[in-house]
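Below: entry_30.cif (mmCIF, C-alpha atoms)
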```cif
data_query
#
loop_
_atom_site.group_PDB
_atom_site.id
_atom_site.type_symbol
_atom_site.label_atom_id
_atom_site.label_comp_id
_atom_site.auth_asym_id
_atom_site.auth_seq_id
_atom_site.Cartn_x
_atom_site.Cartn_y
_atom_site.Cartn_z
ATOM 1 C CA MET A 275 -5.736 20.018 2.500
ATOM 2 C CA ASP A 276 -5.680 19.961 -1.277
ATOM 3 C CA VAL A 277 -5.548 16.560 -2.912
ATOM 4 C CA ASN A 278 -4.524 15.814 -6.477
ATOM 5 C CA GLY A 279 -7.547 13.829 -7.639
ATOM 6 C CA ALA A 280 -5.574 12.043 -10.345
ATOM 7 C CA ASP A 281 -2.558 10.920 -8.295
ATOM 8 C CA VAL A 282 -2.559 7.307 -7.125
ATOM 9 C CA GLU A 283 0.411 8.019 -4.851
ATOM 10 C CA GLU A 284 -1.729 10.294 -2.691
ATOM 11 C CA VAL A 285 -4.404 7.609 -2.389
ATOM 12 C CA VAL A 286 -1.822 4.965 -1.479
ATOM 13 C CA TRP A 287 -0.028 7.085 1.129
ATOM 14 C CA ARG A 288 -3.371 7.935 2.749
ATOM 15 C CA TRP A 289 -4.186 4.195 2.878
ATOM 16 C CA LEU A 290 -0.835 3.451 4.523
ATOM 17 C CA CYS A 291 -1.303 6.235 7.065
ATOM 18 C CA ASP A 292 -4.836 5.053 7.837
ATOM 19 C CA VAL A 293 -3.701 1.469 8.448
ATOM 20 C CA ASP A 294 -1.021 2.699 10.828
ATOM 21 C CA ALA A 295 -3.377 5.098 12.602
ATOM 22 C CA PHE A 296 -6.098 2.498 13.132
ATOM 23 C CA ILE A 297 -3.621 0.063 14.676
ATOM 24 C CA ARG A 298 -1.733 2.633 16.746
ATOM 25 C CA ASP A 299 -4.803 4.500 17.951
ATOM 26 C CA SER A 300 -6.618 1.325 18.944
ATOM 27 C CA MET A 301 -3.781 0.651 21.373
ATOM 28 C CA VAL A 302 -3.508 4.229 22.618
ATOM 29 C CA PHE A 303 -7.224 5.039 22.797
ATOM 30 C CA PRO A 304 -9.094 1.950 24.020
ATOM 31 C CA GLU A 305 -12.378 3.867 23.871
ATOM 32 C CA PHE A 306 -12.264 3.470 20.083
ATOM 33 C CA LYS A 307 -14.807 0.840 19.158
ATOM 34 C CA LEU A 308 -12.395 -1.552 17.523
ATOM 35 C CA PRO A 309 -12.123 -5.329 17.861
ATOM 36 C CA ASP A 310 -10.745 -6.531 21.204
ATOM 37 C CA LYS A 311 -7.916 -8.679 19.873
ATOM 38 C CA ILE A 312 -4.934 -7.083 18.156
ATOM 39 C CA ASP A 313 -5.032 -9.503 15.196
ATOM 40 C CA GLU A 314 -8.678 -8.588 14.561
ATOM 41 C CA THR A 315 -7.812 -4.909 14.934
ATOM 42 C CA LYS A 316 -5.038 -5.215 12.360
ATOM 43 C CA GLN A 317 -7.364 -6.872 9.856
ATOM 44 C CA TYR A 318 -9.993 -4.227 10.596
ATOM 45 C CA ALA A 319 -7.361 -1.554 9.889
ATOM 46 C CA ILE A 320 -6.786 -2.958 6.392
ATOM 47 C CA GLU A 321 -10.501 -3.300 5.663
ATOM 48 C CA GLU A 322 -11.454 0.131 6.995
ATOM 49 C CA SER A 323 -8.524 1.857 5.276
ATOM 50 C CA THR A 324 -9.554 0.253 1.997
ATOM 51 C CA ARG A 325 -13.163 1.341 2.495
ATOM 52 C CA ARG A 326 -12.012 4.930 3.191
ATOM 53 C CA MET A 327 -9.677 5.223 0.186
ATOM 54 C CA LEU A 328 -9.659 8.598 -1.479
ATOM 55 C CA PRO A 329 -11.437 8.569 -4.836
ATOM 56 C CA LEU A 330 -9.711 9.568 -8.045
ATOM 57 C CA ASN A 331 -11.556 12.137 -10.161
ATOM 58 C CA LYS A 332 -9.742 10.924 -13.279
ATOM 59 C CA ALA A 333 -7.406 8.081 -14.169
ATOM 60 C CA ASP A 334 -3.698 8.385 -13.369
ATOM 61 C CA ASP A 335 -2.149 7.828 -16.797
ATOM 62 C CA ARG A 336 1.280 6.751 -15.527
ATOM 63 C CA VAL A 337 2.100 3.059 -15.909
ATOM 64 C CA PRO A 338 1.422 1.081 -13.661
ATOM 65 C CA MET A 339 -0.423 3.483 -11.355
ATOM 66 C CA MET A 340 -3.964 2.246 -12.003
ATOM 67 C CA GLU A 341 -2.781 -1.331 -11.409
ATOM 68 C CA ILE A 342 -1.189 -0.198 -8.134
ATOM 69 C CA LEU A 343 -4.504 1.359 -7.104
ATOM 70 C CA GLN A 344 -6.366 -1.852 -7.923
ATOM 71 C CA MET A 345 -3.820 -3.822 -5.888
ATOM 72 C CA TYR A 346 -4.337 -1.602 -2.833
ATOM 73 C CA LYS A 347 -8.097 -1.974 -3.217
ATOM 74 C CA GLY A 348 -7.632 -5.747 -3.131
ATOM 75 C CA GLU A 349 -8.823 -6.129 -6.725
ATOM 76 C CA LEU A 350 -5.539 -7.127 -8.397
ATOM 77 C CA ASP A 351 -2.705 -9.498 -7.609
ATOM 78 C CA PRO A 352 0.646 -7.732 -7.032
ATOM 79 C CA LYS A 353 2.242 -9.905 -9.740
ATOM 80 C CA VAL A 354 0.125 -8.079 -12.333
ATOM 81 C CA VAL A 355 1.640 -4.762 -11.191
ATOM 82 C CA ILE A 356 5.141 -6.148 -11.739
ATOM 83 C CA ASP A 357 4.196 -7.761 -15.065
ATOM 84 C CA THR A 358 2.673 -4.478 -16.286
ATOM 85 C CA ALA A 359 5.796 -2.564 -15.294
ATOM 86 C CA GLU A 360 8.101 -5.076 -16.944
ATOM 87 C CA ALA A 361 6.037 -4.923 -20.139
ATOM 88 C CA ALA A 362 6.543 -1.137 -20.166
ATOM 89 C CA GLY A 363 10.255 -1.882 -20.060
ATOM 90 C CA THR A 364 11.804 1.124 -18.340
ATOM 91 C CA GLN A 365 13.875 0.846 -15.175
ATOM 92 C CA ASN A 366 12.020 3.782 -13.616
ATOM 93 C CA ILE A 367 8.664 2.035 -13.968
ATOM 94 C CA ILE A 368 9.991 -1.337 -12.786
ATOM 95 C CA ALA A 369 11.668 0.231 -9.729
ATOM 96 C CA TYR A 370 8.527 2.124 -8.779
ATOM 97 C CA ALA A 371 6.385 -0.999 -9.225
ATOM 98 C CA ASN A 372 8.726 -3.022 -7.001
ATOM 99 C CA PHE A 373 8.677 -0.271 -4.386
ATOM 100 C CA SER A 374 4.862 -0.067 -4.436
ATOM 101 C CA VAL A 375 4.398 -3.832 -4.311
ATOM 102 C CA GLY A 376 7.033 -4.096 -1.573
ATOM 103 C CA VAL A 377 5.349 -1.517 0.636
ATOM 104 C CA PHE A 378 1.932 -3.121 0.046
ATOM 105 C CA LYS A 379 3.189 -6.616 0.846
ATOM 106 C CA TYR A 380 5.177 -5.339 3.836
ATOM 107 C CA THR A 381 2.078 -3.734 5.328
ATOM 108 C CA LYS A 382 -0.025 -6.848 4.768
ATOM 109 C CA ALA A 383 2.742 -9.103 6.154
ATOM 110 C CA LYS A 384 3.074 -6.980 9.296
ATOM 111 C CA VAL A 385 -0.682 -7.086 9.820
ATOM 112 C CA LYS A 386 -0.718 -10.872 9.491
ATOM 113 C CA SER A 387 2.651 -11.428 11.248
ATOM 114 C CA ASP A 388 3.612 -13.546 8.240
ATOM 115 C CA LYS A 389 7.399 -13.976 8.026
ATOM 116 C CA THR A 390 7.289 -15.599 4.577
ATOM 117 C CA ALA A 391 5.260 -12.711 3.166
ATOM 118 C CA LEU A 392 7.574 -10.264 4.902
ATOM 119 C CA LYS A 393 10.587 -11.844 3.165
ATOM 120 C CA ASP A 394 8.781 -11.515 -0.188
ATOM 121 C CA ALA A 395 8.021 -7.846 0.542
ATOM 122 C CA LEU A 396 11.656 -7.154 1.413
ATOM 123 C CA GLU A 397 12.793 -8.768 -1.848
ATOM 124 C CA HIS A 398 10.655 -6.278 -3.800
ATOM 125 C CA LEU A 399 11.979 -3.373 -1.733
ATOM 126 C CA SER A 400 15.554 -4.591 -2.237
ATOM 127 C CA SER A 401 14.975 -4.834 -5.967
ATOM 128 C CA ALA A 402 13.744 -1.243 -6.004
ATOM 129 C CA ALA A 403 16.754 -0.107 -3.971
ATOM 130 C CA ASN A 404 19.325 -2.075 -5.982
ATOM 131 C CA LYS A 405 18.030 -0.837 -9.340
ATOM 132 C CA PRO A 406 16.488 2.495 -8.430
ATOM 133 C CA SER A 407 14.567 4.860 -10.604
ATOM 134 C CA ASP A 408 16.492 7.975 -11.613
ATOM 135 C CA ASP A 409 13.493 10.144 -10.713
ATOM 136 C CA PHE A 410 12.341 8.380 -7.537
ATOM 137 C CA MET A 411 14.400 6.822 -4.736
ATOM 138 C CA GLY A 412 17.503 7.632 -6.730
#
```
Now, as a test, write the supplied structure out as structure tokens.
Amino acid sequence: MDVNGADVEEVVWRWLCDVDAFIRDSMVFPEFKLPDKIDETKQYAIEESTRRMLPLNKADDRVPMMEILQMYKGELDPKVVIDTAEAAGTQNIIAYANFSVGVFKYTKAKVKSDKTALKDALEHLSSAANKPSDDFMG
């Protein structure tokens, strides 16, 4: 499969798929050498998916894509992604940032079974849906 080495979206979607696959496959294929308890397996899924992230061969110059990448790597607080998008000032960028932060927080909240974090994630996703980008999710 060809991968665009400068597209953060491809890296992020691979991370999301990996998290899901690690959790799902650990339940379907018990011979996988994963932690015995589901909560440990979920945390392992996040850690292993982060370790396996696709590399970029050059920076993604779209705002706030590099901040989104840093967030998924665990190197940047999601608030910085939103702040960066708001500083750029366009609805398209703000909607995409809210969508990206929402999906990230949703995944983390599901892994931790954290209802408060899940509510926060859904607020970001609602914001993206209520004020969508005209070139994404429109």
Evaluate the PyMOL selection byres ((chain A and resi 320) around 9) and record the selected residues as a PyMOL selection string, following the chain and residue labels used in the document. chain A and resi 289-290+292-293+296+315-319+321-325+381-382+385
Could you state which residues are captured by the PyMOL selection byres ((chain A and resi 339) around 10) in this file, as a list in words?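 Here the PyMOL selection byres ((chain A and resi 339) around 10) matches Asp281, Val282, Glu283, Ala333, Asp334, Asp335, Arg336, Val337, Pro338, Met340, Glu341, Ile342, Leu343, Gln344, Met345, Val355, Thr358, Ala359, Ile367, Tyr370, Ala371 and Ser374 of chain A.
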Which residue is closest to Gly376 in chain A? Choose from A:Ile356, A:Ala280, A:Leu328, A:Ala395 and count only C-alpha atoms.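 Answer, going by the shortest atom-to-atom distance: A:Ala395.
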What separation in Å, quoted to one decimal, exists between CA of Gln365 in chain A and CA of Pro406 in chain A? 7.4 Å
Calculated over only C-alpha atoms, which of the candidates A:Asp313, A:Asn366, A:Asp409, A:Gly348 has the smallest distance to Lys379 in chain A?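 Selected residue with least distance to Lys379 in chain A: A:Gly348.
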Within 8 Å of His398 in chain A using only C-alpha atoms, minus same-chain residues under 4 positions, as a VMD selection string: chain A and resid 372 to 373 375 to 376 394 402
Take the residues just selected and output them with C-alpha atoms as a PDB file, keeping the file's coordinate frame.
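Result file follows (part_4.pdb):
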```
ATOM      1  CA  ASN A 372       8.726  -3.022  -7.001  1.00  0.00           C
ATOM      2  CA  PHE A 373       8.677  -0.271  -4.386  1.00  0.00           C
ATOM      3  CA  VAL A 375       4.398  -3.832  -4.311  1.00  0.00           C
ATOM      4  CA  GLY A 376       7.033  -4.096  -1.573  1.00  0.00           C
ATOM      5  CA  ASP A 394       8.781 -11.515  -0.188  1.00  0.00           C
ATOM      6  CA  ALA A 402      13.744  -1.243  -6.004  1.00  0.00           C
TER       7      ALA A 402
END
```
Name the closest residue to Ala383 in chain A among the candidates A:Leu396, A:Val286, A:Ala403, A:Ile368; distances are taken between atoms, counting only C-alpha atoms.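 The answer is A:Leu396, which sits nearest to Ala383 in chain A.
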When the PyMOL selection byres ((chain A and resi 331) around 7) is applied to the file above, which residues end up in the set, as a PyMOL selection string? chain A and resi 279-280+329-330+332
Using all atoms listed in the file for the distances, tell me which of A:Lys353, A:Lys347, A:Lys386, A:Lys405 is nearest to Ala369 in chain A.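 Nearest to Ala369 in chain A: A:Lys405.
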Atom pair CA of Ser400 in chain A + CA of Phe378 in chain A, distance 13.9 Å
What does the distance between CA of Tyr380 in chain A and CA of Leu399 in chain A come to in Å, to one decimal place?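 Computing it gives 9.0 Å between the two atoms.
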Draw an axis-aligned box tight on the listed atoms of range 362-379 of chain A, then pad every side by 6 Å and write out centre and edge lengths in Å to one decimal as JSON.
```
{"center_x": 7.9, "center_y": -1.4, "center_z": -9.7, "size_x": 23.9, "size_y": 22.4, "size_z": 33.0}
```
